[in-house]
Amino acid sequence: MGAYNTISFKPEHCDGCNACMTACATAKAGSDDVVNSRIQIVADGDAFELAMCRQCGDPKCVSNCPAAALAKDGADGVIDWDGSKCVNCLLCTVGCAFGGIVYNAAAGHVVKCDTCDGDPACVKACDRGALKYLTTAHIYNEVGDLEDLFVPGLAGCQGCNTELIMRHTMRRIGPDTVLATPPGCIPGMGSVGYNGLTGTKVPVFHPLLTNTASMLTGIKRHYKRQGREVNAVALAGDGGTADVGFQSLSGAAERGEQILFICVDNEGYMNTGMQRSGCTPFGAWTSTTPVGERGKGKTQDAKNLPLLMMMHNCEYVATASTAFMEDLYDKLDRAIEASKRGFSYLHIYSPCTTGWRFPSAENIEVARKAVETNFVMLWEFNPTDGLRLSRSLDEPRPIDEYLEALGKYRHLEPDQVGHIEATLRKNVEQIRGLAGG
Amino acid sequence: MQETQYLIVGASHAALSALQAIRMQDAEGSVTVVTRDDALPYSPTVLPYVVSGRSAPERVALKDGAWFEQNRVGFIRGAAVTSVDAAAKRAKLSSGEEIAYAKLLLATGAAPILPPIPGLKDVKFHVLRSLDDAVKLNQALPNTKQAVVLGAGLVGMHAAENLAKAGAQVTVVEMQPRVLAGYFDAEASAIIEAAFAAKGIQLMLGAKVSRLETAGQGARVTTDKGAALDADLLLVAAGVAPVTDYLAGSGVAVERGVLVDDTMRASAEGIWAAGDVAQAKGFYDEAKILNGILPSAVEQGRIAGMAMAGDPALKPWPGGVPLNTYTFFGQQAVSVGSQDAGEVVRKEADAKHYLKIVMRDNRLTGIFGINVPFDPGVMWELILRRIDLSSVREAFIAEPQKTARTIMSRTWR
């Protein structure tokens with residue numbers, strides 16, 4: 001048993017159109033009377049609430065059934081109702097505290113949501129984004145069986161996103177790997193280990209900030225000469241990628257070395273005291289772009305590193321975010337595959353609780369807001385298809401929602417926000433243009 | 001002598017629920033389940049449907065042998081526990097075998113009460129509590145022309161309906177002035193009584209059987225009002241009482257059932273009890289009550305299992321709330337809570353519909369309906385959580401289902 005797919009409801013997006021109920025009643029009862037719907041949206045003034053089966057992990061409808069007519073399917077997590085065993089006693093409706101299994105007079109028995117065999121009609125009918133069918137469970141189920149290639153207890157800051165990225169990516173890339181972790185948060189957390197022991201279960205080394213891609217080039221070529229298929233992977237920060245590390249990176253990309261280079265972009269040199277980098281955005285506070293009587297944070301815009309890598313015509317370039325793990329995993333798979341043919345570059349945005357100044361529990365929410373406001377754009381590139389958007393840039397949330405979530409922007413003055421908005425518009429238009437509209 | 005970490009006596013809802021809770025916390029400890037029944041675990045609640053033929057006896061098992069194997073549980077069938085030595089932590093089986101346990105759960109359920117009617121022991125009669133009873137009744141259906149049912153509780157009423165559907169002339173004799181007096185008031189009972197009368201079932205309410213005697217192949221029933229009824233099938237459904245006879249001299253305190261605290265712990269060290277056999281705190285006052293209903297058995301079993309396995313997530317028993325569902329001739333009656341723990345804030349009844357809402361201090365204490373839709377599980381939760389309804393009082397009284405769902409979605413989404 002693992003995690004299951006599930007129907008999620010966001011009441012703030014619901015406008016009570018009842019399309020989901022009509023769709024369910026049509027699919028399940030061949031009727032457009034919403035009383036037959038197994039999803040019930042309950043209106044309360046302008047707010048909307050939900051009554052439907054939650055496919056509970058420890059379902060009381062099942063425990064309360066005297067006739068063994070209800071059972072949770074271990075494979076898909078759905079609680080199945082067997083009409084040939086049901087005796088219509090209604091004790092399941094006593095067990096359910098969610099209004100998820102109810103007597104239906106037209107059917108003459110209890111009815112409940114069966115998620116339409118994994119293709120729920122209600123979700124397809126919802127064009128407001130209130131209902132979603134979440135299928136991320138497969139990531140957990142698949143990745144849960146893969147070996148974690150880092151030691152337990154890495155010394156990251158509380159709520160650090162980078163540990164998540166390290167463990168997830170390396171699990172997927174697998175043990176036939178030589179890993180380079182140049183100076184930054186990742187070795188700082190313990191990837192290179194202590195007292196002669198490494199922090200990983202794969203060979204790992206600690207190049208200089210400047211020569212990561214060069215060293216990986218040599219290692220990859222050496223193993224190729226020996227006839228061994230080994231992944232040459234870098235897990236580097238944005239400083240080690242965009243600034244001091246850029247010369248060797250650019251060279252390796254131009255030569256088409258068979259390397260997977262992952263940039264974990266937390267917009268600065270966070271483990272050495274939060275200095276600014278070439279990836280630090282305009283207006284952001286860092287210890288070298290202080291805020292005071294005269295300083296108002298960084299006065300230059302960030303360089304668009306993934307776009308620079310795309311211009312190298314790499315085998316694969318993509319941007320990703322930990323708030324969108326399905327997308328991240330899809331891209332990781334393609335990046336691994338591409339690195340067997342040429343240079344593969346994956347740029348993962350990684351909010352930093354310590355350096356960006358936000359509560360440690362909000363990392364994924366911050367990452368989500370960055371994407372939903374278009375501050376971060378998710379796309380991928382290969383030489384054949386060019387740049388393609390992974391997520392629509394239409395109808396972004398207001399940028400204020402992102403800026404206000406972060407302490408590093410707390411000082412912003414209206415003209416600075418105006419600058420950020422103008423840059424954002426320009427960046428969005430640029431990516432739109434590259435994506436062909 | 002066999003030794004086991006957990007010994008569970010009984011194999012119905014409370015026992016199975018406890019077993020699952022134990023395995024959630026303790027994957028390794030040895031577990032043994034002993035039941036006096038020969039069958040795989042089943043629910044007494046399904047038996048009326050075995051009588052009617054709706055459920056085939058071989059399809060009512062709640063768990064099969066593979067499940068016990070998968071959970072590494074020893075399952076001993078056809079063996080009753082005849083005595084318990086709480087001091088030595090041993091239980092003796094009807095086979096003569098003894099089992100030493102570290103922790104014992106009593107989930108022996110209840111058995112039919114046989115009222116002190118003169119002549120009862122001399123006539124042939126049926127009861128309905130075991131699968132065997134149900135199969136025998138089912139087999140007797142085709143040959144039954146005149147049936148008499150003693151008792152208008154859930155068992156008696158279900159049986160009367162099935163006997164009538166099978167073509168028998170049925171009479172129900174009940175001491176109370178109405179049917180299902182434990183769950184419904186006079187107006188609600190009247191709707192149910194009318195449905196039975198419409199199907200030609202005779203209800204003799206407020207009547208007592210004064211004498212039983214053998215007559216031909218069947219029995220003659222004489223009531224205190226002088227009526228004489230001939231029955232080729234007699235069903236005694238005068239209620240049930242906890243099965244506790246094997247606890248005599250065990251040191252376990254028994255009143256009407258096994259007295260338990262809020263974690264289902266009995267008076268003796270290392271012993272718990274759950275389900276119909278247990279006498280636990282009621283919800284509306286602290287007095288310990290029998291609340292022999294399936295949902296209580298499931299909850300009590302879970303609590304007992306968690307307590308036995310030392311599960312830190314254990315929350316104590318909130319108190320028994322009387323509740324039940326009853327379907328009759330395609331109609332639905334639902335009873336959640338207490339009729340008299342508050343004031344009636346809404347009551348309406350016509351020939352086919354009934355709704356009554358009882359509240360105290362703006363909190364729900366009971367809701368009762370016939371052919372009126374509401375979610376009993378949501379209502380039960382409203383009662384248990386003592387949710388203050390003052391801000392939605394009018395809306396709740398007007399539209400209980402909708403309002404309760406809104407509160408549910410906001411409160412325990």
# chains A, B, ... in the order shown; residues from 1 in each chain; ligands from 1
>>> interface_residues(of="chain A", to="chain B", cutoff="9 Å", atoms="only C-alpha atoms", output="PyMOL selection string")
chain A and resi 42-44+48-51+60+63-69+84-103+108
>>> residues_around(residues="A:Gly273", least_positions_apart="5", cutoff="9 Å", atoms="only C-alpha atoms", output="list of chain:residue names")
A:Thr286, A:Ser287, A:Gly355
>>> write_last_selection(atoms="all heavy atoms", output="PDB file, in the first residue's frame")
ATOM      1  N   THR A 286      20.557  41.398   0.670  1.00  0.00           N
ATOM      2  CA  THR A 286      21.548  40.370   1.021  1.00  0.00           C
ATOM      3  C   THR A 286      22.555  41.061   1.916  1.00  0.00           C
ATOM      4  O   THR A 286      22.505  42.293   2.096  1.00  0.00           O
ATOM      5  CB  THR A 286      22.278  39.794  -0.216  1.00  0.00           C
ATOM      6  OG1 THR A 286      23.126  40.818  -0.750  1.00  0.00           O
ATOM      7  CG2 THR A 286      21.319  39.290  -1.282  1.00  0.00           C
ATOM      8  N   SER A 287      23.517  40.328   2.453  1.00  0.00           N
ATOM      9  CA  SER A 287      24.481  40.965   3.364  1.00  0.00           C
ATOM     10  C   SER A 287      25.418  41.885   2.604  1.00  0.00           C
ATOM     11  O   SER A 287      26.032  42.769   3.193  1.00  0.00           O
ATOM     12  CB  SER A 287      25.259  39.899   4.145  1.00  0.00           C
ATOM     13  OG  SER A 287      25.975  39.079   3.262  1.00  0.00           O
ATOM     14  N   GLY A 355      18.045  32.842   4.281  1.00  0.00           N
ATOM     15  CA  GLY A 355      18.532  34.007   3.547  1.00  0.00           C
ATOM     16  C   GLY A 355      17.422  34.881   2.981  1.00  0.00           C
ATOM     17  O   GLY A 355      17.636  36.058   2.720  1.00  0.00           O
TER      18      GLY A 355
END
>>> select_by_dssp(residues="stretch 28-269 of chain A", states="strand (DSSP E)", output="ChimeraX atom specification")
/A:40-44,47-51,70-72,79-81,101-104,109-112,131-134,177-180,204-205,231-237,260-265
>>> residues_around(residues="stretch 133-140 of chain B", least_positions_apart="3", cutoff="9 Å", atoms="only C-alpha atoms", output="list of chain:residue names")
B:Leu47, B:Pro48, B:Tyr49, B:Val50, B:Val51, B:Ser52, B:Gly53, B:Pro57, B:His126, B:Val127, B:Leu128, B:Arg129, B:Ser130, B:Asn143, B:Thr144, B:Leu233, B:Leu235
>>> residues_around(residues="stretch 427-435 of chain A", least_positions_apart="4", cutoff="10 Å", atoms="only C-alpha atoms", output="list of chain:residue names")
A:Asn304, A:Leu307, A:Asn374, A:Phe375, A:Val376, A:Met377, A:Leu378, A:Trp379, A:Glu380, A:Phe381, A:Asp385, A:Gly386, A:Leu387, A:Arg388, A:Leu389, A:Ser392, A:Leu393, A:Asp394, A:Glu421, A:Ala422, A:Thr423
>>> write_last_selection(atoms="C-alpha atoms", output="compact mmCIF listing (two decimals), in the first residue's frame")
# COMPACT_ATOMS: atom_id res chain seq x y z
CA ASN A 304 18.66 34.66 -16.59
CA LEU A 307 18.16 31.16 -20.81
CA ASN A 374 5.30 34.21 -13.06
CA PHE A 375 8.31 35.42 -11.06
CA VAL A 376 9.64 31.98 -11.90
CA MET A 377 8.62 30.47 -15.23
CA LEU A 378 8.59 26.74 -15.85
CA TRP A 379 9.76 25.68 -19.30
CA GLU A 380 12.01 23.24 -21.07
CA PHE A 381 14.15 23.27 -24.15
CA ASP A 385 11.45 21.44 -30.33
CA GLY A 386 12.96 24.67 -29.01
CA LEU A 387 11.54 26.24 -25.85
CA ARG A 388 8.16 25.05 -24.61
CA LEU A 389 6.20 26.29 -21.63
CA SER A 392 0.66 28.61 -18.80
CA LEU A 393 1.80 32.16 -18.08
CA ASP A 394 -1.76 33.43 -18.38
CA GLU A 421 6.94 44.51 -12.24
CA ALA A 422 8.47 45.98 -15.40
CA THR A 423 11.26 43.38 -15.39
>>> residues_around(residues="B:Val173", least_positions_apart="5", cutoff="12 Å", atoms="only C-alpha atoms", output="MDAnalysis selection string")
chainID B and resid 147:153 156:157 160 178:179 201:210 221:225 227:229 234:238
>>> select_by_dssp(residues="stretch 315-365 of chain A", states="alpha helix (DSSP H)", output="list of chain:residue names")
A:Met325, A:Glu326, A:Asp327, A:Leu328, A:Tyr329, A:Asp330, A:Lys331, A:Leu332, A:Asp333, A:Arg334, A:Ala335, A:Ile336, A:Glu337, A:Ala338, A:Thr353, A:Thr354, A:Gly355, A:Trp356, A:Asn363, A:Ile364, A:Glu365
>>> write_last_selection(atoms="C-alpha atoms", output="PDB file, in the first residue's frame")
ATOM      1  CA  MET A 325       7.030  17.880  -8.200  1.00  0.00           C
ATOM      2  CA  GLU A 326       5.352  15.999 -11.028  1.00  0.00           C
ATOM      3  CA  ASP A 327       6.791  18.492 -13.461  1.00  0.00           C
ATOM      4  CA  LEU A 328      10.171  18.313 -11.740  1.00  0.00           C
ATOM      5  CA  TYR A 329      10.243  14.531 -12.004  1.00  0.00           C
ATOM      6  CA  ASP A 330       9.260  14.547 -15.661  1.00  0.00           C
ATOM      7  CA  LYS A 331      12.075  16.974 -16.397  1.00  0.00           C
ATOM      8  CA  LEU A 332      14.546  15.042 -14.288  1.00  0.00           C
ATOM      9  CA  ASP A 333      13.800  11.913 -16.326  1.00  0.00           C
ATOM     10  CA  ARG A 334      14.356  13.791 -19.582  1.00  0.00           C
ATOM     11  CA  ALA A 335      17.482  15.459 -18.210  1.00  0.00           C
ATOM     12  CA  ILE A 336      19.011  12.124 -17.195  1.00  0.00           C
ATOM     13  CA  GLU A 337      18.230  10.696 -20.610  1.00  0.00           C
ATOM     14  CA  ALA A 338      19.663  13.739 -22.415  1.00  0.00           C
ATOM     15  CA  THR A 353      14.219  30.164   4.612  1.00  0.00           C
ATOM     16  CA  THR A 354      17.299  31.668   6.269  1.00  0.00           C
ATOM     17  CA  GLY A 355      18.532  34.007   3.547  1.00  0.00           C
ATOM     18  CA  TRP A 356      15.156  35.105   2.218  1.00  0.00           C
ATOM     19  CA  ASN A 363       9.117  26.866   1.789  1.00  0.00           C
ATOM     20  CA  ILE A 364       6.881  25.039  -0.648  1.00  0.00           C
ATOM     21  CA  GLU A 365       4.250  27.777  -0.455  1.00  0.00           C
TER      22      GLU A 365
END
>>> closest_residue(among="A:Val178, A:Val34, A:Cys314, A:Ala253", to="A:His222", atoms="only C-alpha atoms")
A:Val178
